[in-house]
Structure formats: C-alpha cells, structure tokens
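S.K.: Contents of my_file_15.cif (mmCIF, C-alpha atoms and all ligand atoms):
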data_run
#
loop_
_atom_site.label_atom_id
_atom_site.label_comp_id
_atom_site.auth_asym_id
_atom_site.auth_seq_id
_atom_site.Cartn_x
_atom_site.Cartn_y
_atom_site.Cartn_z
CA MET A 73 -41.39 33.81 -4.40
CA SER A 74 -43.21 34.40 -7.65
CA ALA A 75 -42.46 36.34 -10.85
CA GLN A 76 -45.04 38.98 -9.91
CA PRO A 77 -46.58 40.14 -6.62
CA ASP A 78 -48.97 37.51 -5.30
CA ARG A 79 -51.83 39.02 -3.25
CA ASP A 80 -52.99 35.80 -1.58
CA ALA A 81 -49.45 34.96 -0.54
CA ALA A 82 -48.95 38.50 0.77
CA LEU A 83 -52.17 38.42 2.80
CA GLU A 84 -51.10 35.12 4.34
CA GLN A 85 -47.57 36.43 4.95
CA TYR A 86 -48.90 39.44 6.88
CA ARG A 87 -51.61 37.44 8.64
CA ARG A 88 -48.83 35.37 10.19
CA ARG A 89 -46.50 38.28 10.75
CA ALA A 90 -48.81 41.02 12.06
CA GLY A 91 -48.30 40.17 15.75
CA VAL A 92 -44.51 40.45 15.65
CA TYR A 93 -44.17 42.99 12.85
CA ASP A 94 -43.41 46.07 14.98
CA LEU A 95 -40.61 44.27 16.83
CA GLU A 96 -39.08 42.98 13.61
CA LEU A 97 -38.98 46.48 12.13
CA ALA A 98 -36.99 47.98 15.00
CA LEU A 99 -33.71 47.91 13.04
CA PHE A 100 -35.28 49.92 10.23
CA GLU A 101 -36.85 52.68 12.35
CA PRO A 102 -34.06 55.22 11.64
CA ILE A 103 -34.89 54.81 7.94
CA ARG A 104 -38.55 55.58 8.63
CA ARG A 105 -37.53 58.75 10.47
CA ASP A 106 -35.26 59.79 7.58
CA ALA A 107 -37.98 59.04 5.02
CA ILE A 108 -40.62 61.07 6.84
CA ALA A 109 -38.17 63.92 7.41
CA LEU A 110 -37.61 63.97 3.63
CA LEU A 111 -41.36 63.86 2.99
CA ALA A 112 -41.63 66.84 5.37
CA PRO A 113 -45.37 66.75 6.17
CA GLN A 114 -46.56 70.29 6.95
CA ARG A 115 -49.31 71.66 9.17
CA SER A 116 -52.80 71.19 7.70
CA GLU A 117 -51.60 69.02 4.82
CA THR A 118 -53.09 65.71 3.73
CA VAL A 119 -50.65 62.80 3.56
CA ILE A 120 -51.30 59.25 2.36
CA ASP A 121 -49.36 56.32 3.80
CA PHE A 122 -49.67 53.60 1.13
CA GLY A 123 -49.31 50.06 2.53
CA CYS A 124 -49.44 51.56 6.02
CA GLY A 125 -49.22 48.17 7.75
CA THR A 126 -49.60 48.40 11.53
CA GLY A 127 -49.38 52.18 11.36
CA LEU A 128 -45.80 52.64 12.53
CA SER A 129 -45.48 55.80 10.42
CA LEU A 130 -48.73 57.32 11.63
CA PRO A 131 -47.37 59.09 14.75
CA LEU A 132 -44.71 60.99 12.78
CA LEU A 133 -47.07 61.79 9.92
CA ARG A 134 -49.79 62.94 12.33
CA ALA A 135 -47.26 65.05 14.22
CA GLY A 136 -46.27 66.70 10.94
CA VAL A 137 -49.75 67.61 9.70
CA GLY A 138 -51.10 68.47 13.15
CA ALA A 139 -54.69 68.37 14.34
CA ALA A 140 -55.89 70.39 11.33
CA GLY A 141 -54.27 68.08 8.78
CA HIS A 142 -55.32 64.68 7.55
CA VAL A 143 -53.51 61.33 7.38
CA VAL A 144 -54.86 58.50 5.25
CA GLY A 145 -53.55 54.95 5.57
CA ILE A 146 -54.27 52.46 2.80
CA GLU A 147 -53.51 48.83 3.52
CA GLN A 148 -54.71 45.55 2.01
CA SER A 149 -54.07 43.27 5.00
CA PRO A 150 -56.92 43.23 7.54
CA ASP A 151 -54.54 41.84 10.16
CA MET A 152 -52.07 44.67 9.74
CA ILE A 153 -54.57 47.52 9.49
CA GLU A 154 -56.40 46.29 12.57
CA ARG A 155 -53.27 47.16 14.54
CA ALA A 156 -53.10 50.56 12.86
CA ARG A 157 -56.73 51.16 13.85
CA ARG A 158 -55.92 50.32 17.47
CA ARG A 159 -52.94 52.67 17.39
CA ALA A 160 -55.11 55.52 16.08
CA ALA A 161 -57.93 54.79 18.55
CA SER A 162 -55.60 54.68 21.55
CA ARG A 163 -54.35 58.17 20.65
CA ARG A 164 -57.87 59.44 19.92
CA TRP A 165 -56.84 60.83 16.55
CA ARG A 166 -59.85 62.13 14.67
CA ASN A 167 -58.00 63.02 11.50
CA VAL A 168 -56.47 59.64 10.68
CA GLU A 169 -58.49 57.66 8.15
CA LEU A 170 -57.65 54.00 7.58
CA ILE A 171 -58.85 52.20 4.46
CA CYS A 172 -58.56 48.44 4.16
CA ALA A 173 -58.10 47.86 0.41
CA PRO A 174 -55.39 47.18 -2.16
CA ALA A 175 -53.81 50.43 -3.34
CA GLU A 176 -54.95 49.63 -6.90
CA THR A 177 -58.66 49.72 -6.01
CA ALA A 178 -58.86 51.81 -2.83
CA ARG A 179 -61.55 54.50 -2.93
CA TRP A 180 -60.54 57.84 -1.56
CA HIS A 181 -61.83 61.00 -3.18
CA GLY A 182 -59.37 63.72 -2.40
CA LYS A 183 -56.04 65.04 -3.59
CA ALA A 184 -53.19 64.61 -1.14
CA ASP A 185 -50.17 66.84 -0.69
CA ALA A 186 -47.69 64.03 -0.04
CA ALA A 187 -47.41 60.24 -0.16
CA LEU A 188 -45.25 57.72 1.63
CA PHE A 189 -44.47 54.22 0.34
CA HIS A 190 -42.41 52.81 3.21
CA PHE A 191 -41.24 49.24 2.51
CA THR A 192 -44.01 48.50 0.04
CA HIS A 193 -42.14 46.54 -2.63
CA ASP A 194 -45.05 44.38 -3.81
CA LEU A 195 -47.24 47.45 -4.26
CA LEU A 196 -44.59 49.31 -6.24
CA GLN A 197 -44.19 46.38 -8.63
CA ARG A 198 -47.84 46.72 -9.70
CA PRO A 199 -48.16 49.44 -12.37
CA GLU A 200 -51.93 49.68 -11.77
CA ALA A 201 -51.37 50.23 -8.03
CA VAL A 202 -48.82 52.97 -8.69
CA ALA A 203 -51.14 54.65 -11.22
CA HIS A 204 -54.14 54.54 -8.88
CA ALA A 205 -52.04 55.80 -5.96
CA LEU A 206 -50.57 58.70 -7.93
CA GLY A 207 -54.09 59.62 -9.08
CA MET A 208 -54.84 60.48 -5.43
CA LEU A 209 -52.15 63.18 -5.38
CA ARG A 210 -52.38 66.82 -6.42
CA PRO A 211 -49.90 68.19 -8.95
CA GLY A 212 -46.74 69.10 -7.08
CA ALA A 213 -47.34 66.51 -4.35
CA ARG A 214 -44.23 65.09 -2.72
CA VAL A 215 -43.50 61.36 -2.83
CA VAL A 216 -41.02 59.30 -0.82
CA ALA A 217 -40.50 55.55 -1.27
CA THR A 218 -38.20 53.23 0.67
CA GLY A 219 -37.50 49.53 0.87
CA LEU A 220 -35.14 46.66 0.32
CA ARG A 221 -32.95 46.59 -2.76
CA TRP A 222 -30.13 44.47 -4.09
CA ALA A 223 -26.75 45.86 -3.09
CA PRO A 224 -24.00 45.70 -5.76
CA HIS A 225 -23.54 42.08 -6.93
CA TRP A 226 -20.13 41.73 -5.22
CA ALA A 227 -21.68 42.48 -1.80
CA LEU A 228 -22.65 38.84 -1.31
CA ALA A 229 -23.19 38.94 2.45
CA VAL A 230 -25.39 42.04 2.19
CA ASN A 231 -27.45 40.46 -0.57
CA ALA A 232 -27.84 37.28 1.48
CA GLY A 233 -29.39 39.49 4.16
CA VAL A 234 -31.61 41.21 1.57
CA TYR A 235 -32.77 37.80 0.35
CA LEU A 236 -33.64 36.57 3.85
CA ALA A 237 -35.51 39.79 4.66
CA ALA A 238 -37.28 39.68 1.28
CA ARG A 239 -38.49 36.11 1.85
CA ARG A 240 -40.24 37.29 4.98
CA SER A 241 -41.71 40.52 3.70
CA ILE A 242 -42.41 40.45 -0.05
CA THR A 243 -43.70 37.92 -2.57
CA THR A 244 -41.55 38.72 -5.60
CA LEU A 245 -37.88 39.43 -6.11
CA ALA A 246 -38.70 41.14 -9.42
CA GLY A 247 -37.53 44.73 -9.55
CA LEU A 248 -35.24 44.52 -6.51
CA ASP A 249 -32.39 46.02 -8.55
CA ARG A 250 -34.33 49.33 -8.73
CA PRO A 251 -37.60 48.93 -6.82
CA TRP A 252 -38.76 52.51 -7.50
CA ARG A 253 -38.51 52.03 -11.32
CA GLU A 254 -42.27 51.96 -11.96
CA LEU A 255 -42.86 54.88 -9.62
CA GLU A 256 -40.19 56.84 -11.47
CA ARG A 257 -41.65 55.86 -14.85
CA GLN A 258 -45.02 57.33 -13.88
CA LEU A 259 -43.81 60.19 -11.71
CA GLY A 260 -40.70 61.44 -13.46
CA PRO A 261 -37.10 61.50 -12.24
CA MET A 262 -36.52 60.62 -8.59
CA HIS A 263 -33.51 61.23 -6.40
CA SER A 264 -32.37 58.09 -4.60
CA THR A 265 -29.89 57.31 -1.84
CA SER A 266 -28.86 54.06 -0.12
CA ARG A 267 -28.82 52.98 3.52
CA LEU A 268 -27.67 49.92 5.50
CA MET A 269 -24.76 49.06 3.18
CA ALA A 270 -26.95 49.65 0.13
CA ALA A 271 -29.52 47.04 1.24
CA VAL A 272 -32.17 49.76 1.51
CA TYR A 273 -33.07 52.72 -0.72
CA ILE A 274 -34.87 55.99 -0.17
CA ALA A 275 -36.24 57.59 -3.34
CA GLN A 276 -37.81 61.02 -3.49
CA GLY A 277 -39.82 62.70 -6.22
CA GLN A 278 -42.70 64.99 -6.99
CA ARG A 279 -45.89 64.67 -9.01
CA HIS A 280 -45.96 67.07 -11.94
C1 LIG A 301 -43.24 45.59 4.88
S1 LIG A 301 -44.90 46.07 5.21
C2 LIG A 301 -44.69 47.83 5.45
C3 LIG A 301 -45.74 48.39 6.35
C4 LIG A 301 -45.59 49.87 6.69
N1 LIG A 301 -45.49 50.68 5.49
C5 LIG A 301 -44.42 50.15 7.58
O1 LIG A 301 -43.75 51.11 7.31
O2 LIG A 301 -44.18 49.47 8.55
C6 LIG A 301 -45.66 46.03 3.60
C7 LIG A 301 -47.14 46.33 3.69
O3 LIG A 301 -47.64 46.60 2.38
C8 LIG A 301 -48.91 46.01 2.29
N2 LIG A 301 -49.23 45.86 0.86
C9 LIG A 301 -48.61 45.08 -0.05
N3 LIG A 301 -49.15 45.23 -1.27
C10 LIG A 301 -50.16 46.13 -1.11
C11 LIG A 301 -51.11 46.70 -2.01
N4 LIG A 301 -51.13 46.37 -3.31
N5 LIG A 301 -52.00 47.58 -1.52
C12 LIG A 301 -52.00 47.93 -0.20
N6 LIG A 301 -51.13 47.40 0.70
C13 LIG A 301 -50.21 46.53 0.24
C14 LIG A 301 -48.75 44.70 3.04
O4 LIG A 301 -49.99 44.14 3.40
C15 LIG A 301 -47.91 45.15 4.22
O5 LIG A 301 -48.70 45.55 5.30
#
For this file, write the structure as structure tokens.
Ligand SMILES: C[S@@+](CC[C@H](N)C(=O)[O-])C[C@H]1O[C@@H](n2cnc3c(N)ncnc32)[C@H](O)[C@@H]1O
M.R.:
Amino acid sequence: MSAQPDRDAALEQYRRRAGVYDLELALFEPIRRDAIALLAPQRSETVIDFGCGTGLSLPLLRAGVGAAGHVVGIEQSPDMIERARRRAASRRWRNVELICAPAETARWHGKADAALFHFTHDLLQRPEAVAHALGMLRPGARVVATGLRWAPHWALAVNAGVYLAARRSITTLAGLDRPWRELERQLGPMHSTSRLMAAVYIAQGQRH
C-alpha cells in the first residue's frame, strides 16, 4: 500500500486478478444493482462506466439505455478490459465502446448523461482523473460512486474485512474514511448511504 494510488502496482494487481475477478465480486453484486438503479440510465442516454473492469456493469447499463443509447467503458487495465470486450462481443452490442486508458488521459469527445464509478477507489483519489472524468459529462449529468470505506473505528471486525479487501483491490488506503471526497469537492454535495455494515458506500450527485 502506498500513500497515493500507484498505477504500476494497480496494473499488476489486476493482471493477476482478472481471471477470478467476476467470482470474487459475487458478494457485492446487490450493491451494483442498487448503484445502477440509483443512476437510473434512461433510453437513448449515454452513460460512462469509469474503471469498468471486466464489464460486470455493462449488461445493466446497456439494458437501461437500450439499443439507441450508448455505453462507454473506460479502463486502464488491458487484462480487465479484454474481458469486458469479450462480454460485449458475445452479446453483439454495437453501442458499447470500450477505451483502454487511465481515466485521467482517456480520449472521448462527447458529453454523457450519467457516470458510474463502481469500486474505483484508486481513480477517485486522483484529482486529475476526477476532473478529466467530470469533463466528459454534460451539465446536469447524474453521478453514482460506490466502493469500500472504513466503518466507524469501533467496528474492528468490519474494518479488518475492509483492510483485507482493500489489499486485494486498491493500492492506497488514503481517503478510505470518505472515498468520494474529491468527487464531492469537484461536483458539489453528494448524498451518501452505507451498505454491508458500513464497509461500503454509495454516493450520488449531479454535475452542475
Ligand atoms: C475493483 S475494480 C472495479 C471494476 C468494475 N468497476 C466493477 O464494477 O467490477 C477497479 C478497476 O478500476 C480500474 N482503475 C483503477 N484506476 C483507474 C484509472 N485511473 N483509470 C481507469 N481505470 C482505473 C482498475 O484497473 C480496475 O479494473
């Protein structure tokens, strides 16, 4: 673990983890469903899935926007996005665009209606990544972020679980007390709730 997100460490982490990632996330799938329900993708909208990983959110996002909408996945790990590409190809989606790049430098020239940051702690701790990501959204766009967080300090067993999960999935513990802080600083006030005994947050906001 380092003081700031470490890209090389993250790429290595997800190179090793890509093959088992979908299985490991099974426990968290209800949170994904809740997050996407809050994001509420609508027919014909454009939605960006930042740090889309293996594309586990793509089916629900694609179902929301329909065949006339557009889903964009931005992901820095070639090993993870390769699986997302296979998922999209197997379903013959023509309106799912997958971009292999860090969120802070990804090139996409549109303005999306909504953005999902599902378990993307490292990304959210990079102010330049948040700024670049928010620049891809139209005014009024909806934003939902989720991920691990420290539970209250007295919840030692929960926080032991957060620590073990964090070691496997992120490269910095910085910001785990309020992981959406930078997003909120750039976006404006967000509404947040907790899940899984406060080990996970869902934060919701809107670009003004
Ligand atoms: C825990 S996984 C979550 C994947 C996916 N969002 C999901 O819901 O299953 C975190 C993902 O964020 C990606 N990531 C981390 N930092 C990133 C950045 N700066 N830009 C783009 N992707 C990033 C990692 O490569 C990894 O695939």
S.K.: Just checking: using all atoms listed in the file, which residue out of A:Pro113, A:Asn167, A:Leu228, A:Val215 ends up closest to Pro261 (chain A)?
M.R.: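 Ranked by minimum distance to Pro261 (chain A), first place goes to A:Val215.
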S.K.: Please compute the CA of Tyr273 (chain A)-CA of Leu195 (chain A) distance, one decimal, in Å.
M.R.: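 Value for the CA of Tyr273 (chain A)-CA of Leu195 (chain A) distance: 15.5 Å.
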S.K.: Please write out the residues within 8 Å of ligand LIG 301 (chain A) as a short mmCIF file (atom, residue, chain, number, x, y, z; two decimals) with C-alpha atoms, in the frame of the given file, counting only C-alpha atoms and all ligand atoms.
M.R.:
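File result14.cif, as written:
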data_model
loop_
_atom_site.label_atom_id
_atom_site.label_comp_id
_atom_site.auth_asym_id
_atom_site.auth_seq_id
_atom_site.Cartn_x
_atom_site.Cartn_y
_atom_site.Cartn_z
CA PRO A 77 -46.58 40.14 -6.62
CA ARG A 79 -51.83 39.02 -3.25
CA ALA A 82 -48.95 38.50 0.77
CA LEU A 83 -52.17 38.42 2.80
CA TYR A 86 -48.90 39.44 6.88
CA TYR A 93 -44.17 42.99 12.85
CA ASP A 94 -43.41 46.07 14.98
CA LEU A 97 -38.98 46.48 12.13
CA ARG A 104 -38.55 55.58 8.63
CA ASP A 121 -49.36 56.32 3.80
CA PHE A 122 -49.67 53.60 1.13
CA GLY A 123 -49.31 50.06 2.53
CA CYS A 124 -49.44 51.56 6.02
CA GLY A 125 -49.22 48.17 7.75
CA THR A 126 -49.60 48.40 11.53
CA GLY A 127 -49.38 52.18 11.36
CA LEU A 128 -45.80 52.64 12.53
CA SER A 129 -45.48 55.80 10.42
CA ILE A 146 -54.27 52.46 2.80
CA GLU A 147 -53.51 48.83 3.52
CA GLN A 148 -54.71 45.55 2.01
CA SER A 149 -54.07 43.27 5.00
CA MET A 152 -52.07 44.67 9.74
CA ILE A 153 -54.57 47.52 9.49
CA CYS A 172 -58.56 48.44 4.16
CA ALA A 173 -58.10 47.86 0.41
CA PRO A 174 -55.39 47.18 -2.16
CA ALA A 175 -53.81 50.43 -3.34
CA GLU A 176 -54.95 49.63 -6.90
CA PHE A 189 -44.47 54.22 0.34
CA HIS A 190 -42.41 52.81 3.21
CA PHE A 191 -41.24 49.24 2.51
CA THR A 192 -44.01 48.50 0.04
CA HIS A 193 -42.14 46.54 -2.63
CA ASP A 194 -45.05 44.38 -3.81
CA LEU A 195 -47.24 47.45 -4.26
CA LEU A 196 -44.59 49.31 -6.24
CA ARG A 198 -47.84 46.72 -9.70
CA ALA A 201 -51.37 50.23 -8.03
CA SER A 241 -41.71 40.52 3.70
CA ILE A 242 -42.41 40.45 -0.05
#
S.K.: Given all atoms listed in the file as the basis, pick out the residue of A:Gln276, A:Arg134, A:Ile108, A:Glu154 nearest to Glu256 (chain A).
M.R.: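 The closest residue to Glu256 (chain A) is A:Gln276.
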S.K.: Interatomic distance between CA of Leu130 (chain A) and CA of Val168 (chain A)?
M.R.: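 Taking CA of Leu130 (chain A) and CA of Val168 (chain A), their separation equals 8.1 Å.
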S.K.: For a quick check of understanding, using all atoms listed in the file, which of A:His204, A:Pro199, A:Ser162, A:Met73 has the smallest distance to His181 (chain A)?
M.R.: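 Going through A:His204, A:Pro199, A:Ser162, A:Met73 one by one, the smallest distance to His181 (chain A) is for A:His204.
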S.K.: Excluding Arg214 (chain A) and any residue of its chain fewer than 5 positions from it, enumerate the residues within 10 Å of it, using all atoms listed in the file, and give them as a PDB file with C-alpha atoms, keeping the file's coordinate frame.
M.R.:
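The result, stored in result00.pdb:
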ATOM      1  CA  LEU A 110     -37.610  63.970   3.630  1.00  0.00           C
ATOM      2  CA  LEU A 111     -41.360  63.860   2.990  1.00  0.00           C
ATOM      3  CA  ALA A 112     -41.630  66.840   5.370  1.00  0.00           C
ATOM      4  CA  PRO A 113     -45.370  66.750   6.170  1.00  0.00           C
ATOM      5  CA  VAL A 119     -50.650  62.800   3.560  1.00  0.00           C
ATOM      6  CA  ALA A 184     -53.190  64.610  -1.140  1.00  0.00           C
ATOM      7  CA  ASP A 185     -50.170  66.840  -0.690  1.00  0.00           C
ATOM      8  CA  ALA A 186     -47.690  64.030  -0.040  1.00  0.00           C
ATOM      9  CA  ALA A 187     -47.410  60.240  -0.160  1.00  0.00           C
ATOM     10  CA  LEU A 188     -45.250  57.720   1.630  1.00  0.00           C
ATOM     11  CA  LEU A 209     -52.150  63.180  -5.380  1.00  0.00           C
ATOM     12  CA  GLN A 276     -37.810  61.020  -3.490  1.00  0.00           C
ATOM     13  CA  GLY A 277     -39.820  62.700  -6.220  1.00  0.00           C
ATOM     14  CA  GLN A 278     -42.700  64.990  -6.990  1.00  0.00           C
ATOM     15  CA  ARG A 279     -45.890  64.670  -9.010  1.00  0.00           C
ATOM     16  CA  HIS A 280     -45.960  67.070 -11.940  1.00  0.00           C
TER      17      HIS A 280
END
